[in-house]
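Participant: Contents of input.cif (mmCIF, C-alpha atoms):
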```
data_entry
loop_
_atom_site.label_atom_id
_atom_site.label_comp_id
_atom_site.auth_asym_id
_atom_site.auth_seq_id
_atom_site.Cartn_x
_atom_site.Cartn_y
_atom_site.Cartn_z
CA MET A 1 21.54 3.52 16.15
CA ARG A 2 23.16 1.30 13.57
CA GLN A 3 21.24 0.06 10.55
CA PHE A 4 20.99 -3.70 10.29
CA TYR A 5 20.37 -3.88 6.55
CA LYS A 6 21.52 -1.32 4.02
CA ARG A 7 18.76 -0.05 1.75
CA GLY A 8 18.14 -2.42 -1.14
CA GLU A 9 20.53 -5.00 0.26
CA PHE A 10 17.83 -7.54 0.98
CA ALA A 11 14.80 -7.84 -1.29
CA THR A 12 12.89 -10.77 -2.66
CA SER A 13 9.60 -11.55 -4.35
CA ALA A 14 7.49 -14.48 -5.48
CA ARG A 15 5.41 -13.85 -8.60
CA GLY A 16 6.03 -10.17 -8.05
CA HIS A 17 5.53 -9.34 -11.72
CA THR A 18 2.30 -11.36 -12.03
CA ALA A 19 -0.83 -9.26 -12.40
CA GLU A 20 -3.40 -10.04 -9.72
CA VAL A 21 -6.76 -8.60 -8.73
CA ALA A 22 -5.83 -5.45 -6.83
CA ALA A 23 -9.02 -5.06 -4.84
CA SER A 24 -8.77 -1.84 -2.84
CA THR A 25 -4.98 -1.69 -2.84
CA TYR A 26 -5.49 0.23 -6.12
CA LYS A 27 -6.57 3.17 -3.98
CA ILE A 28 -2.88 3.90 -3.38
CA PHE A 29 -2.75 4.68 -7.11
CA ILE A 30 -5.89 6.80 -6.87
CA ALA A 31 -4.22 8.80 -4.11
CA ALA A 32 -1.15 9.26 -6.30
CA TYR A 33 -3.23 10.49 -9.22
CA THR A 34 -5.26 12.78 -6.97
CA PHE A 35 -2.10 14.52 -5.78
CA HIS A 36 -0.93 14.76 -9.39
CA MET A 37 -4.19 16.45 -10.37
CA ILE A 38 -3.86 18.90 -7.49
CA HIS A 39 -0.43 19.97 -8.74
CA GLU A 40 -1.79 20.27 -12.27
CA ASN A 41 -4.35 22.72 -10.84
CA ALA A 42 -7.06 20.37 -12.08
CA PHE A 43 -8.48 19.37 -8.69
CA THR A 44 -9.03 21.01 -5.31
CA PHE A 45 -10.39 19.35 -2.20
CA ASP A 46 -13.50 20.69 -0.58
CA ALA A 47 -14.89 19.42 2.74
CA THR A 48 -16.98 16.72 1.05
CA SER A 49 -14.26 15.35 -1.24
CA GLN A 50 -11.68 15.45 1.55
CA ALA A 51 -13.93 13.40 3.82
CA SER A 52 -14.60 10.97 0.97
CA PHE A 53 -10.86 10.62 0.27
CA GLU A 54 -10.19 9.90 3.94
CA GLN A 55 -12.95 7.27 3.98
CA MET A 56 -11.37 5.69 0.89
CA ILE A 57 -8.13 5.09 2.78
CA VAL A 58 -9.31 4.54 6.36
CA ASN A 59 -12.50 2.56 5.70
CA SER A 60 -11.79 1.39 2.13
CA MET A 61 -14.98 3.05 0.87
CA ASN A 62 -15.34 3.22 -2.91
CA ASP A 63 -17.15 6.53 -3.46
CA PHE A 64 -14.13 8.79 -4.02
CA ALA A 65 -12.35 6.32 -6.30
CA ASP A 66 -15.46 5.49 -8.34
CA ASP A 67 -16.53 9.11 -8.79
CA HIS A 68 -13.10 10.38 -9.78
CA LEU A 69 -12.18 7.47 -12.03
CA GLU A 70 -15.33 8.28 -13.97
CA ALA A 71 -14.55 11.99 -14.02
CA TRP A 72 -10.87 11.68 -14.91
CA GLY A 73 -11.11 8.64 -17.18
CA MET A 74 -9.51 5.26 -16.67
CA THR A 75 -7.18 5.66 -19.65
CA ASN A 76 -5.83 8.96 -18.31
CA VAL A 77 -5.17 7.47 -14.89
CA ASP A 78 -3.55 4.38 -16.43
CA ALA A 79 -1.31 6.56 -18.61
CA TYR A 80 -0.09 8.43 -15.55
CA LEU A 81 0.58 5.20 -13.64
CA GLN A 82 2.54 3.90 -16.62
CA LYS A 83 4.75 7.01 -16.51
CA GLN A 84 5.62 6.10 -12.93
CA GLY A 85 6.85 2.72 -14.15
CA TRP A 86 3.98 0.87 -12.51
CA TYR A 87 1.94 -1.98 -13.97
CA ASN A 88 -0.45 -0.91 -16.70
CA PRO A 89 -3.36 -1.01 -17.27
CA VAL A 90 -4.73 -1.14 -13.75
CA PHE A 91 -8.18 0.01 -14.81
CA VAL A 92 -10.16 -1.61 -17.61
CA ALA A 93 -13.89 -1.06 -18.04
CA ASN A 94 -16.07 -3.85 -16.67
CA GLN A 95 -13.10 -5.66 -15.13
CA ASP A 96 -11.66 -5.79 -11.63
CA ALA A 97 -8.63 -3.54 -11.22
CA GLU A 98 -5.34 -5.41 -11.47
CA THR A 99 -1.78 -4.70 -10.43
CA THR A 100 1.38 -6.48 -9.30
CA ALA A 101 3.05 -6.82 -5.94
CA LEU A 102 6.13 -5.08 -7.31
CA SER A 103 4.10 -2.10 -8.54
CA LEU A 104 2.55 -1.71 -5.09
CA THR A 105 6.03 -1.99 -3.60
CA SER A 106 7.29 0.74 -5.94
CA ALA A 107 4.39 3.03 -5.04
CA LEU A 108 5.00 2.47 -1.34
CA ARG A 109 8.70 3.19 -1.81
CA ASP A 110 7.84 6.51 -3.47
CA LEU A 111 5.47 7.26 -0.60
CA HIS A 112 8.12 6.43 1.97
CA ASP A 113 10.80 8.46 0.19
CA GLY A 114 8.66 11.42 -0.80
CA THR A 115 9.36 10.90 -4.48
CA GLY A 116 7.24 10.59 -7.63
CA PRO A 117 3.63 11.61 -6.89
CA PHE A 118 4.35 12.00 -3.18
CA GLN A 119 6.84 14.88 -3.14
CA ASN A 120 4.58 17.28 -1.27
CA LYS A 121 5.42 16.84 2.42
CA ALA A 122 1.98 17.73 3.74
CA GLU A 123 0.17 15.37 1.34
CA ARG A 124 2.63 12.58 2.08
CA LYS A 125 2.26 13.02 5.85
CA TRP A 126 -1.53 13.07 5.55
CA LEU A 127 -1.71 9.90 3.46
CA LEU A 128 0.69 8.03 5.74
CA SER A 129 -1.39 9.12 8.74
CA LEU A 130 -4.58 7.81 7.11
CA MET A 131 -2.92 4.50 6.23
CA GLY A 132 -1.67 4.22 9.80
CA LYS A 133 -5.22 4.26 11.12
CA GLN A 134 -7.00 2.27 8.41
CA VAL A 135 -9.38 -0.07 10.21
CA TYR A 136 -8.59 -3.49 8.69
CA ARG A 137 -5.60 -4.61 10.75
CA THR A 138 -5.81 -8.40 10.94
CA GLY A 139 -3.28 -8.93 8.13
CA ILE A 140 0.24 -7.50 8.10
CA PRO A 141 -0.25 -5.33 11.24
CA ALA A 142 -1.36 -8.30 13.33
CA GLY A 143 1.38 -10.56 12.01
CA VAL A 144 4.33 -8.25 12.54
CA LYS A 145 3.18 -7.41 16.06
CA GLU A 146 3.25 -11.14 16.83
CA ALA A 147 6.82 -11.22 15.56
CA LYS A 148 7.89 -8.13 17.50
CA ALA A 149 5.74 -6.16 19.94
CA GLY A 150 5.68 -2.46 19.16
CA THR A 151 6.00 -2.89 15.40
CA THR A 152 3.74 -0.48 13.50
CA VAL A 153 2.35 -0.52 9.97
CA THR A 154 1.00 2.03 7.53
CA ASP A 155 -0.88 -0.04 4.97
CA LYS A 156 -3.74 -0.36 2.49
CA VAL A 157 -5.74 -3.54 2.25
CA GLY A 158 -7.94 -4.92 -0.50
CA PHE A 159 -10.68 -7.53 -0.38
CA ILE A 160 -13.16 -8.75 -2.98
CA ASP A 161 -14.61 -12.21 -3.49
CA ASP A 162 -11.76 -14.65 -2.72
CA THR A 163 -9.03 -11.96 -2.92
CA ASN A 164 -7.39 -10.62 0.23
CA ASN A 165 -4.41 -8.27 -0.21
CA ASP A 166 -2.30 -6.14 2.11
CA ALA A 167 0.45 -3.67 1.18
CA GLY A 168 2.32 -1.71 3.81
CA ILE A 169 5.36 0.01 5.23
CA VAL A 170 6.48 -1.74 8.40
CA THR A 171 8.39 0.08 11.15
CA LEU A 172 10.13 -1.89 13.89
CA PRO A 173 10.53 -0.44 17.38
CA ASN A 174 14.18 0.36 16.62
CA GLY A 175 13.21 2.41 13.54
CA GLU A 176 14.19 -0.17 10.94
CA GLN A 177 11.67 -0.17 8.08
CA TYR A 178 10.73 -2.45 5.22
CA ILE A 179 7.96 -2.77 2.65
CA LEU A 180 5.82 -5.88 2.55
CA VAL A 181 3.12 -6.69 -0.01
CA VAL A 182 1.06 -9.89 0.20
CA MET A 183 -1.57 -10.69 -2.44
CA THR A 184 -3.68 -13.81 -1.93
CA HIS A 185 -6.64 -15.48 -3.62
CA GLY A 186 -8.32 -18.86 -3.79
CA HIS A 187 -7.85 -21.53 -1.13
CA GLY A 188 -11.52 -21.30 -0.21
CA GLN A 189 -11.17 -17.68 0.97
CA SER A 190 -14.17 -15.40 1.29
CA GLY A 191 -14.74 -12.09 3.00
CA PHE A 192 -11.79 -11.47 5.30
CA SER A 193 -10.84 -15.10 5.85
CA GLY A 194 -7.50 -14.73 4.08
CA PHE A 195 -6.17 -12.04 6.39
CA PRO A 196 -5.13 -14.43 9.18
CA ARG A 197 -3.08 -16.23 6.50
CA ILE A 198 -1.50 -12.90 5.53
CA ALA A 199 -0.74 -12.31 9.23
CA LYS A 200 1.08 -15.63 9.44
CA ILE A 201 3.09 -14.81 6.32
CA ALA A 202 4.01 -11.41 7.74
CA GLU A 203 5.00 -12.91 11.07
CA HIS A 204 7.25 -15.48 9.40
CA VAL A 205 8.84 -12.90 7.10
CA GLN A 206 9.71 -10.61 9.98
CA LYS A 207 11.07 -13.44 12.12
CA ILE A 208 13.25 -14.62 9.25
CA VAL A 209 14.64 -11.19 8.43
CA TYR A 210 14.61 -9.54 11.86
CA GLY A 211 14.61 -12.51 14.22
CA SER A 212 15.95 -12.08 17.74
CA LYS A 213 19.05 -14.16 17.02
CA LEU A 214 20.01 -11.84 14.16
CA THR A 215 19.07 -8.57 15.86
CA ARG A 216 19.60 -9.30 19.56
CA ASP A 217 21.58 -6.08 19.94
CA LEU A 218 18.86 -3.97 18.33
CA ASN A 219 15.88 -2.69 20.34
#
```
Go ahead and render the structure in this file as structure tokens.

Facilitator:
Amino acid sequence: MRQFYKRGEFATSARGHTAEVAASTYKIFIAAYTFHMIHENAFTFDATSQASFEQMIVNSMNDFADDHLEAWGMTNVDAYLQKQGWYNPVFVANQDAETTALSLTSALRDLHDGTGPFQNKAERKWLLSLMGKQVYRTGIPAGVKEAKAGTTVTDKVGFIDDTNNDAGIVTLPNGEQYILVVMTHGHGQSGFSGFPRIAKIAEHVQKIVYGSKLTRDLN
């Protein structure tokens, strides 16, 4: 199989460095810090915390993140995220967590590559598996499937007030992969109403970059 785009050959962003409300996309960072704490011998999963971690990714539940942010301290987590080169501070007391699209992209690239906080193969495989079955799939997953049937996504969504975000690793049927992060707010959104807009964006992006005219020889 030939590769259509070389890694890093095609990348673009709009307001990628602008800090936005992260909503639950910040849980990618919580996962990163959790794995860091495991390797510092400062945390060990038991059955309860493992189930809570899984619910954090699959169902976007807040219990694991809230409990461990309090236990570990926001400033400690922020300092670690800063060392990874990601936007800082994500966590500020009495404020919604914030991050940038490019920081989420960087974290997803580390997850894909098995670098940074995600070097342990078993942890990486587990997190990717959880993201692959997270239940909110009307954003990027729905959009890229419209563009190309059989496309799969491992992603983490976020939603709060008028903010709807989606950050994922997209895999086409031919094995080509790319990272897509869409952060939206305003425009009269509430609940999950922005996710169909994210789906449309994802569909258009994939058609532009991997449209049938460009990739007619790729399956």

Participant: Quick one: everything within 12 Å of A:Leu69, counting all atoms listed in the file, minus sequence neighbours fewer than 4 positions away in the same chain. Send it as a PyMOL selection string.

Facilitator: chain A and resi 26-27+29-31+33-34+62-65+73-78+90-93+97

Participant: Convert the current residue selection to file output with C-alpha atoms, as a PDB file, in the frame of the given file.

Facilitator:
```pdb
ATOM      1  CA  TYR A  26      -5.490   0.230  -6.120  1.00  0.00           C
ATOM      2  CA  LYS A  27      -6.570   3.170  -3.980  1.00  0.00           C
ATOM      3  CA  PHE A  29      -2.750   4.680  -7.110  1.00  0.00           C
ATOM      4  CA  ILE A  30      -5.890   6.800  -6.870  1.00  0.00           C
ATOM      5  CA  ALA A  31      -4.220   8.800  -4.110  1.00  0.00           C
ATOM      6  CA  TYR A  33      -3.230  10.490  -9.220  1.00  0.00           C
ATOM      7  CA  THR A  34      -5.260  12.780  -6.970  1.00  0.00           C
ATOM      8  CA  ASN A  62     -15.340   3.220  -2.910  1.00  0.00           C
ATOM      9  CA  ASP A  63     -17.150   6.530  -3.460  1.00  0.00           C
ATOM     10  CA  PHE A  64     -14.130   8.790  -4.020  1.00  0.00           C
ATOM     11  CA  ALA A  65     -12.350   6.320  -6.300  1.00  0.00           C
ATOM     12  CA  GLY A  73     -11.110   8.640 -17.180  1.00  0.00           C
ATOM     13  CA  MET A  74      -9.510   5.260 -16.670  1.00  0.00           C
ATOM     14  CA  THR A  75      -7.180   5.660 -19.650  1.00  0.00           C
ATOM     15  CA  ASN A  76      -5.830   8.960 -18.310  1.00  0.00           C
ATOM     16  CA  VAL A  77      -5.170   7.470 -14.890  1.00  0.00           C
ATOM     17  CA  ASP A  78      -3.550   4.380 -16.430  1.00  0.00           C
ATOM     18  CA  VAL A  90      -4.730  -1.140 -13.750  1.00  0.00           C
ATOM     19  CA  PHE A  91      -8.180   0.010 -14.810  1.00  0.00           C
ATOM     20  CA  VAL A  92     -10.160  -1.610 -17.610  1.00  0.00           C
ATOM     21  CA  ALA A  93     -13.890  -1.060 -18.040  1.00  0.00           C
ATOM     22  CA  ALA A  97      -8.630  -3.540 -11.220  1.00  0.00           C
TER      23      ALA A  97
END
```

Participant: When the PyMOL selection byres ((chain A and resi 137-139) around 9) is applied to the structure above, which residues does it catch, written out as a list in words?

Facilitator: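 So the PyMOL selection byres ((chain A and resi 137-139) around 9) ends up selecting Lys133, Gln134, Val135, Tyr136, Ile140, Pro141, Ala142, Gly143, Val144, Val153, Asp155, Val157, Asn165, Asp166, Phe192, Gly194, Phe195, Pro196, Arg197, Ile198, Ala199, Lys200, Ile201 and Ala202 of chain A.
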
Participant: Restricting the calculation to all atoms listed in the file: of A:Ser129, A:Asn88, A:Asn164, A:Thr151, which residue gets closest to A:Leu111?

Facilitator: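 Nearest to A:Leu111: A:Ser129.
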
Participant: Could I get the residues of stretch 98-204 of chain A with an atom no further than 10 Å from an atom of stretch 44-56 of chain A, each paired with its nearest atom pair and that distance in Å to one decimal, using all atoms listed in the file, sorted by chain and residue number, as a Markdown table?

Facilitator:
```
| residue | atom | partner | partner_atom | distance |
| --- | --- | --- | --- | --- |
| A:Trp126 | CA | A:Glu54 | CA | 9.4 |
| A:Leu127 | CA | A:Glu54 | CA | 8.5 |
| A:Leu130 | CA | A:Glu54 | CA | 6.8 |
| A:Met131 | CA | A:Glu54 | CA | 9.3 |
| A:Gln134 | CA | A:Gln55 | CA | 8.9 |
| A:Lys156 | CA | A:Met56 | CA | 9.9 |
```

Participant: Go through A:Thr115, A:Gln206, A:Gln177, A:Ser103 one by one, measure the shortest atom-to-atom distance of each to A:His17 using all atoms listed in the file, and give the residue with the smallest value.

Facilitator: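 Among the listed residues, A:Ser103 lies closest to A:His17.
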
Participant: Kindly give the distance, in Å, that separates atom CA of A:Gln84 and atom CA of A:Val58, rounded to a single decimal.

Facilitator: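 These atoms are spaced 24.4 Å apart.
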
Participant: Of the candidates A:Gly16, A:Gly158, A:Gly132, A:Gly191, which one gets nearest to A:Met61 if we count all atoms listed in the file?

Facilitator: A:Gly158

Participant: Taking into account all atoms listed in the file, which residue in the set A:Ile160, A:Ile38, A:Ala11, A:Val205 is nearest to A:Gly186?

Facilitator: A:Ile160

Participant: Let me make sure I understand: among A:Pro173, A:Ala32, A:Ala167, A:Glu123, which one has the smallest atom-to-atom distance to A:Leu102 if we use all atoms listed in the file?

Facilitator: A:Ala167

Participant: Which value, in Å to one decimal, gives the distance between atom CA of A:Ala149 and atom CA of A:Thr184?

Facilitator: 25.0 Å

Participant: For A:Phe35, which residue out of A:His185, A:Pro117, A:Ser190, A:Leu172 is the nearest one, using only C-alpha atoms?

Facilitator: A:Pro117

Participant: Quick one, how far is atom CA of A:Ile169 from atom CA of A:His39?

Facilitator: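 Going from atom CA of A:Ile169 over to atom CA of A:His39, I get 25.0 Å.
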
Participant: Each side padded by 8 Å, which centre and which edge lengths in Å (one decimal) define the axis-aligned box around the listed atoms of stretch 117-120 of chain A? Give them as JSON.

Facilitator:
```
{"center_x": 5.2, "center_y": 14.4, "center_z": -4.1, "size_x": 19.2, "size_y": 21.7, "size_z": 21.6}
```

Participant: I want to know what sits within 9 Å of A:His36, based on only C-alpha atoms, with residues of the same chain fewer than 5 positions away left out; could you give that as a list in words?

Facilitator: Ala31, Asn41, Ala42, Phe43, Tyr80, Pro117 and Phe118 of chain A
